[in-house]
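Q: My file is final.pdb. It has PDB, C-alpha atoms, pLDDT in the B column:
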```
MODEL        1
ATOM      1  CA  VAL A  16     167.195  65.713 -47.047  1.00 40.00           C
ATOM      2  CA  VAL A  17     169.645  64.519 -44.417  1.00 41.00           C
ATOM      3  CA  PHE A  18     171.435  67.105 -42.315  1.00 40.00           C
ATOM      4  CA  SER A  19     173.579  67.113 -39.187  1.00 41.00           C
ATOM      5  CA  LEU A  20     172.789  68.880 -35.925  1.00 39.00           C
ATOM      6  CA  PHE A  21     175.932  69.782 -33.977  1.00 38.00           C
ATOM      7  CA  VAL A  22     175.550  69.920 -30.184  1.00 39.00           C
ATOM      8  CA  ALA A  23     178.632  70.259 -27.936  1.00 41.00           C
ATOM      9  CA  GLY A  24     180.867  69.220 -30.805  1.00 41.00           C
ATOM     10  CA  LYS A  25     179.038  66.010 -31.646  1.00 42.00           C
ATOM     11  CA  ALA A  26     176.822  65.392 -34.656  1.00 43.00           C
ATOM     12  CA  ALA A  27     173.389  63.810 -34.626  1.00 43.00           C
ATOM     13  CA  ALA A  28     171.656  62.879 -37.905  1.00 45.00           C
ATOM     14  CA  PHE A  29     168.160  64.143 -38.791  1.00 41.00           C
ATOM     15  CA  SER A  30     166.043  63.747 -41.930  1.00 43.00           C
ATOM     16  CA  PRO A  31     163.092  66.180 -42.119  1.00 44.00           C
ATOM     17  CA  ALA A  32     161.571  67.392 -45.364  1.00 44.00           C
ATOM     18  CA  SER A  33     162.523  71.035 -45.858  1.00 41.00           C
ATOM     19  CA  HIS A  34     161.442  73.144 -42.889  1.00 41.00           C
ATOM     20  CA  ALA A  35     161.176  71.928 -39.274  1.00 41.00           C
ATOM     21  CA  ALA A  36     161.202  73.141 -35.683  1.00 41.00           C
ATOM     22  CA  TYR A  37     163.175  71.591 -32.836  1.00 40.00           C
ATOM     23  CA  LYS A  38     161.851  71.842 -29.264  1.00 41.00           C
ATOM     24  CA  CYS A  39     164.376  72.155 -26.400  1.00 39.00           C
ATOM     25  CA  ALA A  40     163.697  73.086 -22.745  1.00 39.00           C
ATOM     26  CA  GLY A  41     160.131  74.008 -23.610  1.00 42.00           C
ATOM     27  CA  ASP A  42     161.182  76.617 -26.246  1.00 42.00           C
ATOM     28  CA  SER A  43     161.208  76.318 -30.011  1.00 40.00           C
ATOM     29  CA  VAL A  44     164.494  76.592 -31.834  1.00 38.00           C
ATOM     30  CA  ALA A  45     163.739  77.144 -35.463  1.00 38.00           C
ATOM     31  CA  LEU A  46     165.869  75.216 -37.840  1.00 37.00           C
ATOM     32  CA  ASN A  47     165.786  77.032 -41.149  1.00 41.00           C
ATOM     33  CA  LEU A  48     166.667  74.654 -43.902  1.00 37.00           C
ATOM     34  CA  GLN A  49     168.210  75.886 -47.111  1.00 41.00           C
ATOM     35  CA  SER A  50     167.658  74.133 -50.401  1.00 42.00           C
ATOM     36  CA  ASN A  51     170.999  72.370 -50.112  1.00 44.00           C
ATOM     37  CA  GLY A  52     169.977  70.852 -46.747  1.00 44.00           C
ATOM     38  CA  ASP A  53     172.315  72.959 -44.541  1.00 45.00           C
ATOM     39  CA  VAL A  54     170.991  74.076 -41.169  1.00 43.00           C
ATOM     40  CA  GLU A  55     171.335  77.675 -40.063  1.00 43.00           C
ATOM     41  CA  PHE A  56     171.182  78.073 -36.321  1.00 42.00           C
ATOM     42  CA  SER A  57     173.317  79.291 -33.459  1.00 48.00           C
ATOM     43  CA  ARG A  58     175.470  76.517 -32.006  1.00 49.00           C
ATOM     44  CA  ARG A  59     175.900  78.553 -28.822  1.00 50.00           C
ATOM     45  CA  ASP A  60     172.127  78.952 -28.395  1.00 53.00           C
ATOM     46  CA  MET A  61     171.579  75.261 -28.919  1.00 49.00           C
ATOM     47  CA  ILE A  62     174.203  74.260 -26.311  1.00 49.00           C
ATOM     48  CA  GLY A  63     172.632  76.694 -23.847  1.00 53.00           C
ATOM     49  CA  LYS A  64     169.207  75.184 -24.391  1.00 50.00           C
ATOM     50  CA  VAL A  65     170.464  71.624 -23.902  1.00 45.00           C
ATOM     51  CA  ALA A  66     172.393  72.598 -20.771  1.00 48.00           C
ATOM     52  CA  GLY A  67     169.293  74.287 -19.380  1.00 50.00           C
ATOM     53  CA  THR A  68     167.233  71.188 -20.010  1.00 48.00           C
ATOM     54  CA  ALA A  69     169.796  68.966 -18.257  1.00 46.00           C
ATOM     55  CA  PHE A  70     169.875  71.298 -15.251  1.00 44.00           C
ATOM     56  CA  GLY A  71     166.080  71.342 -15.054  1.00 45.00           C
ATOM     57  CA  ILE A  72     165.872  67.550 -15.108  1.00 42.00           C
ATOM     58  CA  SER A  73     168.639  67.255 -12.504  1.00 44.00           C
ATOM     59  CA  THR A  74     166.959  69.782 -10.206  1.00 42.00           C
ATOM     60  CA  ALA A  75     163.608  68.048 -10.532  1.00 41.00           C
ATOM     61  CA  GLY A  76     165.263  64.763  -9.605  1.00 42.00           C
ATOM     62  CA  VAL A  77     166.685  66.287  -6.432  1.00 37.00           C
ATOM     63  CA  LEU A  78     163.337  67.775  -5.467  1.00 38.00           C
ATOM     64  CA  LEU A  79     161.345  64.643  -6.181  1.00 39.00           C
ATOM     65  CA  ALA A  80     163.760  62.007  -4.882  1.00 39.00           C
ATOM     66  CA  PRO A  81     163.140  61.026  -1.229  1.00 38.00           C
ATOM     67  CA  SER A  82     165.969  61.905   1.093  1.00 36.00           C
ATOM     68  CA  ASN A  83     168.188  59.086   2.298  1.00 37.00           C
ATOM     69  CA  ALA A  84     167.502  60.055   5.885  1.00 35.00           C
ATOM     70  CA  LEU A  85     163.762  59.652   5.448  1.00 32.00           C
ATOM     71  CA  ALA A  86     164.105  56.519   3.360  1.00 32.00           C
ATOM     72  CA  SER A  87     166.285  54.759   5.917  1.00 34.00           C
ATOM     73  CA  GLY A  88     163.669  55.417   8.590  1.00 35.00           C
ATOM     74  CA  GLY A  89     165.590  53.915  11.462  1.00 40.00           C
ATOM     75  CA  ALA A  90     169.172  54.972  11.790  1.00 42.00           C
ATOM     76  CA  THR A  91     168.174  58.605  11.475  1.00 41.00           C
ATOM     77  CA  ALA A  92     164.956  58.917  13.385  1.00 44.00           C
ATOM     78  CA  GLY A  93     163.667  55.646  14.757  1.00 52.00           C
ATOM     79  CA  GLY A  94     160.903  54.778  12.332  1.00 71.00           C
ATOM     80  CA  ALA A  95     160.752  51.560  10.366  1.00 78.00           C
ATOM     81  CA  TYR A  96     164.216  50.348  11.342  1.00 73.00           C
ATOM     82  CA  LEU A  97     163.528  50.624  15.067  1.00 80.00           C
ATOM     83  CA  LEU A  98     160.144  48.983  14.653  1.00 84.00           C
ATOM     84  CA  SER A  99     161.739  46.123  12.746  1.00 87.00           C
ATOM     85  CA  ALA A 100     164.434  45.713  15.406  1.00 84.00           C
ATOM     86  CA  LYS A 101     161.805  45.535  18.139  1.00 88.00           C
ATOM     87  CA  GLN A 102     159.903  42.897  16.223  1.00 88.00           C
ATOM     88  CA  ARG A 103     163.062  40.811  15.782  1.00 92.00           C
ATOM     89  CA  TYR A 104     164.649  41.179  19.212  1.00 95.00           C
ATOM     90  CA  ASN A 105     162.045  42.095  21.843  1.00 95.00           C
ATOM     91  CA  SER A 106     160.814  38.546  22.362  1.00 95.00           C
ATOM     92  CA  ARG A 107     164.359  37.125  22.466  1.00 97.00           C
ATOM     93  CA  VAL A 108     165.529  39.740  24.957  1.00 98.00           C
ATOM     94  CA  THR A 109     162.439  39.208  27.088  1.00 97.00           C
ATOM     95  CA  ALA A 110     162.983  35.425  27.117  1.00 98.00           C
ATOM     96  CA  GLY A 111     166.622  35.857  28.121  1.00 98.00           C
ATOM     97  CA  ILE A 112     165.851  38.372  30.855  1.00 98.00           C
ATOM     98  CA  LYS A 113     163.170  36.145  32.333  1.00 98.00           C
ATOM     99  CA  SER A 114     165.631  33.240  32.437  1.00 98.00           C
ATOM    100  CA  PHE A 115     168.186  35.492  34.099  1.00 98.00           C
ATOM    101  CA  LEU A 116     165.732  36.676  36.722  1.00 98.00           C
ATOM    102  CA  ALA A 117     164.714  33.066  37.411  1.00 98.00           C
ATOM    103  CA  LEU A 118     168.237  32.481  38.774  1.00 98.00           C
ATOM    104  CA  SER A 119     167.496  34.598  41.819  1.00 97.00           C
ATOM    105  CA  ALA A 120     165.841  31.887  43.910  1.00 97.00           C
ATOM    106  CA  PRO A 121     168.445  29.134  43.244  1.00 97.00           C
ATOM    107  CA  LEU A 122     171.297  31.547  44.001  1.00 97.00           C
ATOM    108  CA  GLU A 123     169.679  32.561  47.267  1.00 96.00           C
ATOM    109  CA  GLY A 124     169.532  28.861  48.061  1.00 96.00           C
ATOM    110  CA  GLY A 125     173.253  28.496  47.349  1.00 96.00           C
ATOM    111  CA  SER A 126     172.964  26.696  43.997  1.00 97.00           C
ATOM    112  CA  ILE A 127     174.877  27.797  40.894  1.00 98.00           C
ATOM    113  CA  THR A 128     173.829  24.828  38.765  1.00 97.00           C
ATOM    114  CA  GLU A 129     171.050  26.821  37.150  1.00 98.00           C
ATOM    115  CA  ALA A 130     173.429  29.709  36.469  1.00 98.00           C
ATOM    116  CA  LYS A 131     175.854  27.388  34.694  1.00 97.00           C
ATOM    117  CA  ALA A 132     173.028  26.026  32.559  1.00 98.00           C
ATOM    118  CA  PHE A 133     171.995  29.578  31.688  1.00 98.00           C
ATOM    119  CA  PHE A 134     175.501  30.441  30.518  1.00 98.00           C
ATOM    120  CA  ALA A 135     175.865  27.207  28.549  1.00 98.00           C
ATOM    121  CA  ASN A 136     172.638  27.811  26.619  1.00 97.00           C
ATOM    122  CA  ASP A 137     173.013  29.568  23.277  1.00 97.00           C
ATOM    123  CA  GLU A 138     169.369  29.163  22.330  1.00 97.00           C
ATOM    124  CA  GLU A 139     166.596  31.657  23.010  1.00 97.00           C
ATOM    125  CA  GLY A 140     166.321  32.092  26.766  1.00 97.00           C
ATOM    126  CA  GLY A 141     170.034  31.468  27.329  1.00 98.00           C
ATOM    127  CA  TRP A 142     172.894  33.896  27.797  1.00 98.00           C
ATOM    128  CA  GLY A 143     174.379  33.287  24.341  1.00 97.00           C
ATOM    129  CA  ASP A 144     171.224  34.460  22.571  1.00 98.00           C
ATOM    130  CA  LEU A 145     170.510  37.242  25.067  1.00 98.00           C
ATOM    131  CA  LYS A 146     174.027  38.642  24.645  1.00 97.00           C
ATOM    132  CA  ALA A 147     173.500  38.986  20.888  1.00 97.00           C
ATOM    133  CA  ALA A 148     169.878  40.164  20.865  1.00 97.00           C
ATOM    134  CA  GLY A 149     170.353  42.497  23.831  1.00 98.00           C
ATOM    135  CA  TYR A 150     173.103  44.427  22.111  1.00 97.00           C
ATOM    136  CA  LEU A 151     171.381  44.541  18.713  1.00 95.00           C
ATOM    137  CA  LEU A 152     168.209  45.917  20.266  1.00 96.00           C
ATOM    138  CA  SER A 153     170.123  48.601  22.164  1.00 95.00           C
ATOM    139  CA  ASN A 154     171.955  49.607  18.986  1.00 92.00           C
ATOM    140  CA  ALA A 155     168.662  50.246  17.178  1.00 91.00           C
ATOM    141  CA  PHE A 156     167.879  53.239  19.402  1.00 90.00           C
ATOM    142  CA  ARG A 157     169.914  55.787  17.474  1.00 83.00           C
ATOM    143  CA  THR A 158     169.000  59.259  16.229  1.00 79.00           C
ATOM    144  CA  SER A 159     171.719  59.494  13.595  1.00 81.00           C
ATOM    145  CA  SER A 160     173.305  56.979  11.251  1.00 79.00           C
ATOM    146  CA  THR A 161     176.711  58.546  11.940  1.00 86.00           C
ATOM    147  CA  LYS A 162     176.475  58.366  15.714  1.00 86.00           C
ATOM    148  CA  PRO A 163     178.890  55.791  17.234  1.00 92.00           C
ATOM    149  CA  PRO A 164     177.057  52.918  18.981  1.00 93.00           C
ATOM    150  CA  ASP A 165     179.046  53.342  22.209  1.00 94.00           C
ATOM    151  CA  SER A 166     177.673  56.862  22.585  1.00 94.00           C
ATOM    152  CA  LEU A 167     174.061  55.622  22.712  1.00 95.00           C
ATOM    153  CA  PRO A 168     172.548  55.560  26.237  1.00 96.00           C
ATOM    154  CA  SER A 169     170.864  52.249  25.409  1.00 96.00           C
ATOM    155  CA  VAL A 170     174.159  50.633  24.367  1.00 97.00           C
ATOM    156  CA  GLN A 171     175.912  52.026  27.442  1.00 98.00           C
ATOM    157  CA  ALA A 172     173.186  50.570  29.653  1.00 98.00           C
ATOM    158  CA  TRP A 173     173.496  47.191  27.936  1.00 98.00           C
ATOM    159  CA  LYS A 174     177.272  47.099  28.368  1.00 98.00           C
ATOM    160  CA  ALA A 175     176.955  47.975  32.050  1.00 98.00           C
ATOM    161  CA  PHE A 176     174.590  45.037  32.515  1.00 98.00           C
ATOM    162  CA  GLN A 177     176.684  42.681  30.361  1.00 98.00           C
ATOM    163  CA  SER A 178     179.850  43.563  32.290  1.00 98.00           C
ATOM    164  CA  GLU A 179     178.323  42.314  35.538  1.00 98.00           C
ATOM    165  CA  VAL A 180     176.892  39.189  33.906  1.00 98.00           C
ATOM    166  CA  ASP A 181     180.321  38.399  32.452  1.00 98.00           C
ATOM    167  CA  LYS A 182     181.779  38.643  35.969  1.00 98.00           C
ATOM    168  CA  MET A 183     179.048  36.357  37.146  1.00 98.00           C
ATOM    169  CA  GLN A 184     179.937  33.818  34.446  1.00 98.00           C
ATOM    170  CA  LYS A 185     183.623  33.890  35.365  1.00 98.00           C
ATOM    171  CA  ALA A 186     182.723  33.294  38.995  1.00 98.00           C
ATOM    172  CA  ALA A 187     180.523  30.361  37.962  1.00 97.00           C
ATOM    173  CA  ASP A 188     183.415  28.874  35.970  1.00 97.00           C
ATOM    174  CA  LYS A 189     185.492  29.071  39.150  1.00 97.00           C
ATOM    175  CA  LYS A 190     182.597  27.530  41.096  1.00 96.00           C
ATOM    176  CA  SER A 191     182.515  30.540  43.400  1.00 97.00           C
ATOM    177  CA  LYS A 192     179.002  30.695  44.790  1.00 97.00           C
ATOM    178  CA  SER A 193     179.597  33.963  46.587  1.00 96.00           C
ATOM    179  CA  GLY A 194     181.173  35.500  43.469  1.00 97.00           C
ATOM    180  CA  VAL A 195     178.191  34.483  41.354  1.00 98.00           C
ATOM    181  CA  ALA A 196     175.723  35.828  43.902  1.00 97.00           C
ATOM    182  CA  ASP A 197     177.509  39.181  44.258  1.00 97.00           C
ATOM    183  CA  ALA A 198     177.804  39.714  40.509  1.00 98.00           C
ATOM    184  CA  TYR A 199     174.171  38.703  40.054  1.00 98.00           C
ATOM    185  CA  LYS A 200     172.978  41.414  42.443  1.00 97.00           C
ATOM    186  CA  LYS A 201     174.989  44.062  40.612  1.00 97.00           C
ATOM    187  CA  ALA A 202     173.752  42.861  37.231  1.00 98.00           C
ATOM    188  CA  GLU A 203     170.188  42.890  38.464  1.00 97.00           C
ATOM    189  CA  ALA A 204     170.625  46.470  39.678  1.00 96.00           C
ATOM    190  CA  ALA A 205     171.885  47.545  36.240  1.00 98.00           C
ATOM    191  CA  LEU A 206     169.127  45.712  34.399  1.00 98.00           C
ATOM    192  CA  ASP A 207     166.319  48.187  35.018  1.00 97.00           C
ATOM    193  CA  THR A 208     168.258  50.985  33.354  1.00 97.00           C
ATOM    194  CA  TYR A 209     168.743  48.864  30.254  1.00 98.00           C
ATOM    195  CA  LEU A 210     165.092  47.823  30.138  1.00 98.00           C
ATOM    196  CA  GLU A 211     164.045  51.450  30.387  1.00 97.00           C
ATOM    197  CA  ARG A 212     166.406  52.483  27.576  1.00 96.00           C
ATOM    198  CA  VAL A 213     165.030  49.866  25.185  1.00 96.00           C
ATOM    199  CA  GLU A 214     161.412  50.486  26.186  1.00 95.00           C
ATOM    200  CA  LEU A 215     160.769  47.108  27.819  1.00 97.00           C
ATOM    201  CA  PRO A 216     158.888  46.485  31.093  1.00 97.00           C
ATOM    202  CA  PRO A 217     160.882  46.874  34.341  1.00 97.00           C
ATOM    203  CA  VAL A 218     162.287  43.993  36.378  1.00 97.00           C
ATOM    204  CA  VAL A 219     159.235  43.901  38.656  1.00 96.00           C
ATOM    205  CA  GLU A 220     156.961  43.187  35.704  1.00 96.00           C
ATOM    206  CA  MET A 221     159.436  40.818  34.064  1.00 96.00           C
ATOM    207  CA  ARG A 222     159.342  38.586  37.145  1.00 93.00           C
ATOM    208  CA  GLN A 223     155.636  37.952  36.727  1.00 87.00           C
TER     209      GLN A 223
ENDMDL
END
```
Would you mind giving the structure from this file in structure tokens?
A:
Amino acid sequence: VVFSLFVAGKAAAFSPASHAAYKCAGDSVALNLQSNGDVEFSRRDMIGKVAGTAFGISTAGVLLAPSNALASGGATAGGAYLLSAKQRYNSRVTAGIKSFLALSAPLEGGSITEAKAFFANDEEGGWGDLKAAGYLLSNAFRTSSTKPPDSLPSVQAWKAFQSEVDKMQKAADKKSKSGVADAYKKAEAALDTYLERVELPPVVEMRQ
């Protein structure tokens, strides 16, 4: 015997023998079959049962699904994202900082040749790579995915350092030894704050 079950205005075909029971939301809804195959049941009750089942499944999904904040791990609370950023950028930043600090002796001797080479180098250890990696590392130290990068203390510290290095580069382009030396001292003074913000060793240790 083929009969139709109407749920929310739509029909679904069934073919039991004569008497059957339909389970919905953990309860039994008896489907009393007449000899002519018609089904006697309350359409309203059936819709309520189906709606209850859908709500239960939806609620369970919310309870069981991991929150986006915990899944992201980094932008919200450090975690995996910050660890990954450190693994990618720490060595590059360290190499660039060491190259920067190595300019101290030549500049004291009145040479800006080494500084020009530092600025012309885009590979690891040069200013081009340090400028990129230094910012990306500072941007990883966020407590919220919605927090603007410029509001992060680590990013602010990086930009303070970068500002002085940019002045140093402009002075080098103009072949101004005194300008390079002055900007270098200011950049060096701002460097420790940045290193502290991104959890790297201070300048004293970086020189070793």
Q: Determine the nearest neighbour of A:Asp165 from the options A:Tyr104, A:Tyr150, A:Trp142, A:Tyr96, counting all atoms listed in the file.
A: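 Smallest separation from A:Asp165 among the options: A:Tyr150.
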Q: Would you mind reading off the distance between atom CA of A:Leu167 and atom CA of A:Thr208, one decimal, in Å?
A: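 Computing it gives 13.0 Å between the two atoms.
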Q: Residues within 10 Å of A:Val213, please, as a list of chain:residue names. Count all atoms listed in the file; anything in the same chain fewer than 5 positions from it doesn't count.
A: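 Residues near the query, excluding close chain neighbours: A:Lys101, A:Asn105, A:Gly149, A:Leu152, A:Ser153, A:Asn154, A:Ala155, A:Phe156, A:Pro168, A:Ser169, A:Val170, A:Ala172, A:Trp173, A:Thr208.
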Q: To one decimal place in Å, what is the distance between atom CA of A:Glu203 and atom CA of A:Leu97?
A: 25.5 Å
Q: Between atom CA of A:Lys113 and atom CA of A:Gly94, what is the distance in Å, rounded to a tenth?
A: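 According to the coordinates, atom CA of A:Lys113 and atom CA of A:Gly94 are separated by 27.4 Å.
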Q: Going by the chain IDs and residue numbers used in this file, which residues fall under the PyMOL selection byres ((chain A and resi 216) around 12)? Write them as a PyMOL selection string.
A: chain A and resi 105-106+108-109+112-113+206-215+217-223
Q: What would the file look like if the residues just selected were written as a tab-separated table (two decimals), in the coordinates of the input with C-alpha atoms?
A:
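result-v5.tsv was written with the following content:
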```tsv
chain	number	residue	atom	x	y	z
A	105	ASN	CA	162.04	42.10	21.84
A	106	SER	CA	160.81	38.55	22.36
A	108	VAL	CA	165.53	39.74	24.96
A	109	THR	CA	162.44	39.21	27.09
A	112	ILE	CA	165.85	38.37	30.86
A	113	LYS	CA	163.17	36.15	32.33
A	206	LEU	CA	169.13	45.71	34.40
A	207	ASP	CA	166.32	48.19	35.02
A	208	THR	CA	168.26	50.98	33.35
A	209	TYR	CA	168.74	48.86	30.25
A	210	LEU	CA	165.09	47.82	30.14
A	211	GLU	CA	164.04	51.45	30.39
A	212	ARG	CA	166.41	52.48	27.58
A	213	VAL	CA	165.03	49.87	25.18
A	214	GLU	CA	161.41	50.49	26.19
A	215	LEU	CA	160.77	47.11	27.82
A	217	PRO	CA	160.88	46.87	34.34
A	218	VAL	CA	162.29	43.99	36.38
A	219	VAL	CA	159.24	43.90	38.66
A	220	GLU	CA	156.96	43.19	35.70
A	221	MET	CA	159.44	40.82	34.06
A	222	ARG	CA	159.34	38.59	37.15
A	223	GLN	CA	155.64	37.95	36.73
```
Q: I need the residue set behind the PyMOL selection byres ((chain A and resi 192) around 10) for this file; please write it as a PyMOL selection string.
A: chain A and resi 122-123+125-128+183+186-187+189-191+193-197
Q: Quick one: everything within 9 Å of A:Phe115, counting all atoms listed in the file, minus sequence neighbours fewer than 5 positions away in the same chain. Send it as an MDAnalysis selection string.
A: chainID A and resid 110 130 133 140:142 203
Q: For the residues selected in the previous step, produce a file with C-alpha atoms as a short mmCIF file (atom, residue, chain, number, x, y, z; two decimals), in the frame of the given file.
A:
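File written: again-v3.cif
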```cif
data_model
loop_
_atom_site.label_atom_id
_atom_site.label_comp_id
_atom_site.auth_asym_id
_atom_site.auth_seq_id
_atom_site.Cartn_x
_atom_site.Cartn_y
_atom_site.Cartn_z
CA ALA A 110 162.98 35.42 27.12
CA ALA A 130 173.43 29.71 36.47
CA PHE A 133 172.00 29.58 31.69
CA GLY A 140 166.32 32.09 26.77
CA GLY A 141 170.03 31.47 27.33
CA TRP A 142 172.89 33.90 27.80
CA GLU A 203 170.19 42.89 38.46
#
```
Q: Go through A:Leu118, A:Ala198, A:Ala204, A:Ala148 one by one, measure the shortest atom-to-atom distance of each to A:Gln102 using all atoms listed in the file, and give the residue with the smallest value.
A: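 Comparing A:Leu118, A:Ala198, A:Ala204, A:Ala148 against A:Gln102, the winner is A:Ala148.
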Q: For the PyMOL selection byres ((chain A and resi 202) around 6), applied here, can you spell out every residue it catches as a PyMOL selection string?
A: chain A and resi 176+179-180+199-201+203-205
